[in-house]
Each structure stands twice: as structure tokens, then as C-alpha cells.
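A short worksheet on the structure shown next.
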Amino acid sequence: MKIYYYLCAIICQESGQASRLATIPLRDRQRDEIMENSKYKILNTIQSPADLRRLKVEDLPLLCAELRDDIIHELSVNPGHLASSLGVVEITVALHYVYNTPEDRIIWDVGHQAYGHKILTGRRDTFCTNRKFHGLRPFPSPAESPYDTFTCGHASNSISAALGMAVAAKLSGKKRKVVAVIGDGAMSGGLAFEGLNNVSSTPNDMLIILNDNNMSIDRSVGGMKQLLIKLNTGETYNNVRFRIAEWMRRKGFLSDQRRHGLIRFTNALKSAISQQQNMFEGMNIRYFGPLDGHDVVELVRVLRRLKKYKGPKMLHLHTIKGKGYEPAEKNAQAWHAPGKFDVDTGERIVSDNAGQPPKFQDVFGNTLLELAKANKRIVGVTPAMPSGCSLNIMMKAMPDRTFDVGIAEGHAVTFSAGMAKDGLMPFCNIYSAFAQRAYDNIIHDAAILNLPLVICLDRAGLVGEDGPTHHGAFDIASLRAIPNITIASPMDEHELRHLMYTAQLDGKGTFVIRYPRGRGVCPDWQCPMQEITVGTGRKLLEGSDVAVLSLGPIGNNVVKAIESINEERQDVSVAHYDMRFAKPLDEQLLEEIATRFTHIITIEDGCVTGGFGSAVTEWMTDHGYHPVIRRLGLPDHFIEHGTVSELQQLTGLDPETIKQTILSL
């Protein structure tokens with residue numbers, strides 16, 4: 001197998017997909033396993049979906065088995081989203097077998113289902129670079145492949161995007177087919193329902209495949225789950241209706257207007273007979289299923305038939321997240337993105353973190369439970385990420401005071417605001433990049449009312465291998481323009497606890513706390529909590545030549561940079577201020593800095609345009625100060641994927657670059 005990976009490295013370098021041989025993982029296996037890849041008799045013949053379509057239908061189950069095995073072995077050494085991609089192997093193969101991709105469009109929703117899609121569409125040889133710096137992107141992207149028809153790093157956008165493509169094809173006279181594959185809980189998002197509403201009233205022939213695996217990342221929640229379990233439409237019924245409609249159309253009895261009337265009539269008739277109401281058919285969307293999403297031969301047969309049907313269609317498929325790998329099937333939540341693991345034993349390879357600082361998310365989860373025990377008004381809310389943000393810690397201890405609302409960030413904020421309006425103290429935890437979907441709700445349903453609501457933005461700043469759709473780059477710049485909002489960012493775990501304690505005190509309004517993915521710097525994180533006066537920073541280091549103003553955990557890189565300067569240079573004196581708050585700014589501290597320093601550096605792990613540094617510059621100008629200010633932060637373009645340290649070097653936020661910037665002033 002090592003030979004295979006060395007070949008991968010050469011191919012990746014020549015194609016420009018990766019620039020470092022060091023980024024290519026090597027498997028340490030016995031000599032008799034070196035040519036393991038040769039066992040993929042069918043998969044080895046597939047370089048594109050055109051090759052796939054040359055196969056016999058009866059060959060597809062074996063191809064699915066090989067593809068599933070390849071995904072398992074690849075992800076055992078190069079971690080990624082495992083369980084979701086295993087669950088859609090048969091759907092992936094059937095779609096590319098039946099549809100003429102990339103001319104026909106397939107939109108994946110959510111994008112972490114698409115590893116099999118990548119492998120079948122010409123990227124198998126470079127899949128070893130997936131999620132690595134300069135390697136394959138973590139989610140489908142049109143910039144990477146024509147088979148990737150739309151960006152899908154989050155959820156619930158496929159139906160809207162697919163409808164747009166279907167309308168574009170119709171208006172341009174193209175025969176193109178369009179398929180949206182929505183699953184892993186994405187149907188719980190509000191945008192999916194907005195799309196369905198428009199699909200029902202806009203002429204189109206698109207197909208929506210609902211991958212119903214009863215999961216998002218954690219267990220699916222809400223009424224949609226129950227609805228999907230009950231839905232059922234027989235194949236015989238659909239065959240009869242299709243044949244009648246085709247006969248009436250050939251005879252001229254069925255115009256488009258009459259066809260819609262017939263659909264409504266037959267839907268009503270079926271509901272009366274079955275004593276069930278099918279939401280999709282109630283919206284004039286033809287519904288088929290539920291069917292076994294792991295029967296690839298049957299899927300091919302059904303998809304071929306559905307290609308002939310006019311109008312919008314919904315194919316409901318039951319799948320198993322983690323299908324084909326027993327450990328993932330038994331615990332899909334843990335195996336959503338398991339890291340490295342031993343394929344044979346199912347043992348996850350976990351680094352020895354003894355003595356290491358905890359993850360910020362775990363400090364949040366444990367601190368919230370600690371606060372909730374003392375404050376009966378505290379409740380926890382998350383949109384589908386209780387394990388990802390560690391709200392599951394409080395959820396286990398206080399299930400009646402924690403709420404997973406599904407992939408619905410806007411609803412999470414407004415739901416929290418409603419509880420705050422009537423006396424509760426919600427801690428609403430959302431990944432920073434995903435909170436962008438709740439911007440309107442933060443303004444209209446929280447800030448305008450000045451409600452006592454705490455919004456905790458996990459994964460703020462650079463998040464690493466998940467790339468531009470997941471980096472928490474824009475929260476400071478977007479939120480600081482909103483009145484009645486406090487924006488704080490802790491430099492370490494102790495500060496996070498202090499800010500959480502402060503936020504839950506009465507009269508603080510809408511209080512935003514942003515913190516990063518990963519580990520902090522304090523192994524002894526469980527300190528006594530104390531109130532921090534809102535809008536106050538702290539001087540960490542006295543100096544006389546240059547003042548560095550940092551916000552949040554990026555300040556730890558500043559500490560390292562200044563320590564290096566002090567070791568090498570005796571003629572440079574650098575002051576360091578941890579500002580804590582992007583809004584309100586510590587004006588007393590800024591006054592001190594402005595009167596003492598002519599050279600100032602601001603640094604933040606958010607976009608430099610309109611962010612914390614801009615706020616400092618605006619304050620200086622408004623108050624008649626004109627120092628030389630150098631703003632460091634994320635540049636004005638989307639940042640690719642890679643490790644956090646690699647991306648900090650790329651964006652100039654690593655200790656060495658900070659050091660050189662200080663010395664340049």
C-alpha cells in the first residue's frame with residue numbers, strides 16, 4: 001500500500017493538487033498487504049462516471065462494496081467524515097449510473113456525504129490529499145471539479161439551488177436533469193422548506209432525493225423525523241397513475257393546468273383512502289417511497305423510471321449512517337468524523353492528551369452545567385451540534401433544560417429570544433460560520449429587544465481542515481455594527497469561564513462570546529469564576545516602543561512572538577494588551593495607549609476588513625489620535641483548508657510573522 005501512496009504523492013504534485021510530499025500519509029502495513037489496492041477489480045476500472053455507466057447493473061453491488069471498503073481504508077489514515085459517506089454509497093453509484101453527469105446536475109446536501117462522489121469522478125488518485133493543505137477540498141466545490149455543481153459546506157441549500165438550475169435549464173432549452181440529494185438532517189433547515197414551497201409552484205422536472213438516515217450529526221429531532229417514518233406510497237399506485245396520465249396526455253385530455261388539477265385530485269383521493277396526509281404531495285410534489293437506499297439495483301430501476309416523469313418529484317430513501325462498517329453503524333455519532341482508526345479492530349487512534357489543556361468546547365460544556373446548577377433560569381440551545389459544542393454535558397444532567405432544535409440556526413436564536421423574553425437565560429451555542437444564517441434573527445429578535453441572551457460562537461477564527469465554509473471569519477465585523485450587543489473573546493479557558501459567568505448576570509443584554517476550535521493553554525482550567533466589567537481589557541506586558549492590541553486566543557501567539565523578541569533583542573520594548581471586548585471597546589485603555597505610543601499593532605483571528613482593528617482605528621480617528629496602526633487579521637479573501645498552524649502562517653498570524661511585523665515597526 002505504501003507504493004500506492006507514493007504514487008499518489010507524485011500524481012498530486014504533478015497535478016498541482018498538493019505541493020508537499022510530507023502531506024501524503026503512509027500506511028504501515030505488512031508486506032503481503034502492499035498491493036492491497038489490486039483487490040478492487042471493478043473500482044480500479046473507474047476513472048469517471050462514463051466508465052461506471054459501461055458496467056452491467058448486476059456488477060453494481062460489487063462496485064458498491066469496493067467503494068465502501070476504499071472509503072473506510074482511506075479515512076482510517078487520512079481522517080474525514082466517515083459515517084455519512086458510507087451511508088450514501090449506493091445512492092452515489094446509482095445516480096452516476098443513471099444520470100449523464102456532469103451535464104446532468106447532482107447537488108449534495110450536506111457536503112460531507114460526497115466522498116464516494118469524489119472518488120467516482122476522477123479524484124480517486126488524489127483522494128489521499130483530501131482536507132490537506134493544497135489538497136482536495138473538504139466539501140464539493142465547482143472550483144475543483146465540474147461534477148461538483150454547487151458549494152455545500154453547510155446544509156439545507158440543495159433544493160433552492162437545484163430549482164434554480166432546473167429553471168435555468170428550462171429557459172435555455174436544455175434537456176438537463178437536476179437532482180438534489182438532501183440528508184443527514186438537512187431537511188430540518190428552514191431554507192429547505194422555503195425551497196419546497198417554491199418547487200411546488202414553479203414549473204420544473206427536478207428530483208429531490210431525501211436520504212433519511214434518522215441522523216444529522218447527532219440524532220435527528222423534531223416532527224419531520226416522525227413524518228418521514230410514516231410516509232409511504234406504493235409502487236403499484238404510482239405506476240397506475242403514471243400510465244393514466246401518459247394516456248390522457250397522448251389523447252390531448254391533459255394540459256399542464258389540468259395535470260396539476262389531476263395531481264391534486266389523486267393526492268386528495270389517496271389521502272382519503274390511506275387516512276394519511278403526505279406533506280410533499282400536499283404541495284403537489286410527487287412522492288415515492290420510502291425505499292431501501294442500500295439496494296443499488298432497485299435504485300437504478302426506480303431512478304430510470306423517475307427520469308421519465310414530469311414535474312417535481314420526491315424519492316424518499318431509508319439509509320443507515322455508517323453502513324457496511326459495524327463500529328460506525330453501532331455509533332454513527334462517534335464515527336461521523338472519528339479521526340484515525342484501525343480498520344480491523346475498529347479501535348480509534350486517540351492521542352495521549354494527559355496533562356494537555358482541554359478543548360474550549362469542553363470548558364464551555366462543563367462551565368455551563370456548573371452555572372446552570374447555580375442559576376435555575378439558565379437553559380442551553382444548539383442547532384444540531386450538542387456533541388460538537390459539548391452541550392451534551394448539560395443535556396445528560398439536565399435534559400429538560402437543554403434543546404437541540406435541528407439544523408436551524410435562525411430558529412435557534414429566535415427560540416432563545418422567546419425564552420429570554422419570558423424570564424429564562426438562554427445560552428445559544430452555534431458554530432461561528434453557521435451563525436451567519438441567523439444574522440437577521442440576532443438583529444430583529446434579540447438585539448432590538450435588548451434581551452438577556454447569550455450567544456456562544458464556537459469555532460471562531462480559523463478552524464483548519466474543514467476550510468472556507470467553516471472558518472469563523474466574519475462574526476466580529478458583522479456583529480459589531482449592531483446596537484445592544486456585547487462582543488467578547490477570551491484569550492484562554494479562565495477568561496472563557498469569567499465571561500460566561502459575567503454574561504449570565506442580569507442586565508447584560510445580548511452578549512456574544514466567541515472562542516476557537518481546539519485546545520487552549522490552561523491545563524488547570526477549572527478556576528473560580530468572577531465577574532469582568534463589560535468593556536474592559538487588561539495590560540499583560542509593559543513596554544515603550546510598540547503596543548500590540550490582541551483580541552481573543554490569538555493573543556497567545558503574540559505572547560510567543562514577544563518572548564522571542566525579548567530573547568534576541570534588548571533594544572525593542574513591546575507592550576501587550578488583551579482587549580477582551582470588540583464591543584464596547586475599553587476607551588480608558590485606548591486613551592492610555594494613544595497617548596503613549598505612536599506605533600500600534602492590532603491582531604485578531606477574524607477578517608481584518610471591518611473587524612476589531614477597524615474599530616480601534618475608528619476610535620483613534622474619532623478622538624483625534626493619529627498613530628501608525630498596523631492591522632493583522634484574516635485577509636479579504638476566503639481562506640483554504642489546512643491545519644490551523646499552516647493557515648496561520650499563510651495569513652501572517654503565526655508567532656514568527658507577528659514577531660517580524662513588530663520588528664518592522
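Naming scheme: A, B, ... for chains in displayed order of the C-alpha cells; residues 1 onward per chain; ligands 1 onward as shown.
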Find the spatial neighbours of Gly552 (chain A), counting only C-alpha atoms, within a cut-off of 8 Å - ignore same-chain residues fewer than 2 positions away - and output them as an MDAnalysis selection string. chainID A and resid 488:492 515 550 554:555 578:580 604:605
So that I can see what lies close to Ile629 (chain A), please list as a ChimeraX atom specification the residues with an atom at most 10 Å from it, counting only C-alpha atoms and leaving out residues fewer than 5 positions away in the same chain. /A:547-548,598-602,613-614,616-617,620,665
Residue selection dump (N, CA and C atoms) as a short mmCIF file (atom, residue, chain, number, x, y, z; two decimals), in the first residue's frame:
data_model
loop_
_atom_site.label_atom_id
_atom_site.label_comp_id
_atom_site.auth_asym_id
_atom_site.auth_seq_id
_atom_site.Cartn_x
_atom_site.Cartn_y
_atom_site.Cartn_z
N ALA A 547 2.90 49.05 20.84
CA ALA A 547 1.80 48.44 21.59
C ALA A 547 1.08 47.45 20.69
N VAL A 548 0.93 46.23 21.17
CA VAL A 548 0.18 45.21 20.44
C VAL A 548 -1.14 44.99 21.16
N THR A 598 3.20 55.74 19.43
CA THR A 598 2.98 56.22 18.05
C THR A 598 2.87 55.06 17.08
N HIS A 599 3.21 53.86 17.53
CA HIS A 599 3.11 52.67 16.70
C HIS A 599 2.27 51.61 17.41
N ILE A 600 1.21 51.17 16.74
CA ILE A 600 0.25 50.23 17.32
C ILE A 600 -0.01 49.11 16.32
N ILE A 601 -0.09 47.89 16.84
CA ILE A 601 -0.49 46.74 16.03
C ILE A 601 -1.75 46.14 16.65
N THR A 602 -2.76 45.94 15.83
CA THR A 602 -3.94 45.19 16.28
C THR A 602 -3.93 43.82 15.62
N GLY A 613 -9.62 45.51 14.56
CA GLY A 613 -8.63 46.53 14.21
C GLY A 613 -9.27 47.76 13.61
N SER A 614 -10.31 47.56 12.82
CA SER A 614 -11.03 48.70 12.25
C SER A 614 -11.70 49.51 13.35
N VAL A 616 -10.69 49.84 16.46
CA VAL A 616 -9.66 50.62 17.15
C VAL A 616 -9.25 51.83 16.31
N THR A 617 -9.06 51.61 15.00
CA THR A 617 -8.67 52.71 14.11
C THR A 617 -9.75 53.80 14.08
N MET A 620 -9.55 55.82 17.32
CA MET A 620 -8.41 56.74 17.31
C MET A 620 -8.71 57.98 16.47
N LEU A 665 8.14 47.65 12.64
CA LEU A 665 7.69 48.96 13.09
C LEU A 665 8.71 49.64 13.99
#
Pick from A:Thr643, A:Asn557, A:Ser201, A:Thr536: nearest to Glu656 (chain A), with only C-alpha atoms counted?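 Using only C-alpha atoms, Glu656 (chain A) sits closest to A:Asn557.
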Any idea what the distance is between CA of Arg377 (chain A) and CA of Arg480 (chain A)?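 Computing the Euclidean distance for CA of Arg377 (chain A) and CA of Arg480 (chain A) yields 27.1 Å.
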Would you kindly return, as a list in words, each protein, DNA or RNA residue with an atom no farther than 8 Å from any atom of Pro312 (chain A), considering only C-alpha atoms and excluding same-chain residues fewer than 4 positions away? Val199, Ser200, Pro203, Asn204, Asp205, Met206, Leu207, Ile208, Asn284, Ile285 and Arg286 of chain A
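Once Leu299 (chain A) and its same-chain neighbours fewer than 3 positions away are set aside, Glu90, Ile91, Ala94, Gly293, Asp295, Val296, Val302 and Leu303 of chain A remain within 8 Å of it when counting only C-alpha atoms.
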Mind the document's chain letters and residue numbers, and return as a PyMOL selection string the residues of region 340-451 of chain A that DSSP labels alpha helix (DSSP H). chain A and resi 360-374+392-397+409-421+432-435+439-441
I'd like the contact shell of Leu589 (chain A) - 9 Å cut-off, only C-alpha atoms, skipping same-chain residues fewer than 4 positions apart - returned as a PyMOL selection string. chain A and resi 536-539+577+579+585+593-594
Could you turn the residues from that selection into a file that holds N, CA, C and O atoms, as a PDB file, in the first residue's frame?
ATOM      1  N   THR A 536     -13.914  46.119  29.398  1.00  0.00           N
ATOM      2  CA  THR A 536     -12.598  46.383  29.969  1.00  0.00           C
ATOM      3  C   THR A 536     -11.601  45.341  29.478  1.00  0.00           C
ATOM      4  O   THR A 536     -11.891  44.152  29.435  1.00  0.00           O
ATOM      5  N   GLY A 537     -10.424  45.814  29.109  1.00  0.00           N
ATOM      6  CA  GLY A 537      -9.329  44.936  28.741  1.00  0.00           C
ATOM      7  C   GLY A 537      -8.322  44.854  29.868  1.00  0.00           C
ATOM      8  O   GLY A 537      -8.598  45.252  31.005  1.00  0.00           O
ATOM      9  N   ARG A 538      -7.129  44.360  29.566  1.00  0.00           N
ATOM     10  CA  ARG A 538      -6.096  44.231  30.588  1.00  0.00           C
ATOM     11  C   ARG A 538      -4.723  44.360  29.943  1.00  0.00           C
ATOM     12  O   ARG A 538      -4.509  43.926  28.810  1.00  0.00           O
ATOM     13  N   LYS A 539      -3.819  44.993  30.679  1.00  0.00           N
ATOM     14  CA  LYS A 539      -2.440  45.115  30.218  1.00  0.00           C
ATOM     15  C   LYS A 539      -1.674  43.875  30.676  1.00  0.00           C
ATOM     16  O   LYS A 539      -1.560  43.614  31.864  1.00  0.00           O
ATOM     17  N   TYR A 577      -1.534  44.253  25.160  1.00  0.00           N
ATOM     18  CA  TYR A 577      -2.833  44.455  25.788  1.00  0.00           C
ATOM     19  C   TYR A 577      -3.819  43.409  25.266  1.00  0.00           C
ATOM     20  O   TYR A 577      -3.984  43.254  24.049  1.00  0.00           O
ATOM     21  N   MET A 579      -7.454  42.960  24.857  1.00  0.00           N
ATOM     22  CA  MET A 579      -8.577  43.891  24.901  1.00  0.00           C
ATOM     23  C   MET A 579      -9.894  43.231  25.332  1.00  0.00           C
ATOM     24  O   MET A 579     -10.833  43.925  25.722  1.00  0.00           O
ATOM     25  N   LEU A 585     -15.465  48.829  23.266  1.00  0.00           N
ATOM     26  CA  LEU A 585     -14.024  48.902  23.461  1.00  0.00           C
ATOM     27  C   LEU A 585     -13.705  49.519  24.816  1.00  0.00           C
ATOM     28  O   LEU A 585     -14.498  50.293  25.374  1.00  0.00           O
ATOM     29  N   ILE A 593      -3.132  54.047  25.655  1.00  0.00           N
ATOM     30  CA  ILE A 593      -2.301  53.584  24.542  1.00  0.00           C
ATOM     31  C   ILE A 593      -2.041  54.719  23.558  1.00  0.00           C
ATOM     32  O   ILE A 593      -0.912  54.905  23.078  1.00  0.00           O
ATOM     33  N   ALA A 594      -3.091  55.486  23.244  1.00  0.00           N
ATOM     34  CA  ALA A 594      -2.959  56.553  22.250  1.00  0.00           C
ATOM     35  C   ALA A 594      -2.005  57.647  22.698  1.00  0.00           C
ATOM     36  O   ALA A 594      -1.302  58.252  21.870  1.00  0.00           O
TER      37      ALA A 594
END
Considering only C-alpha atoms, state which residue in the set A:Met279, A:Ile565, A:Ala186, A:Ala65 is at the smallest distance from Gly111 (chain A). A:Ala186
Name the residues in contact with region 498-503 of chain A at a cut-off of 10 Å, using only C-alpha atoms, excluding same-chain residues fewer than 4 positions from it; report them as a ChimeraX atom specification. /A:364,367-368,370-371,425,427,452-456,486,488-490,493-494,507-513,527-534,580
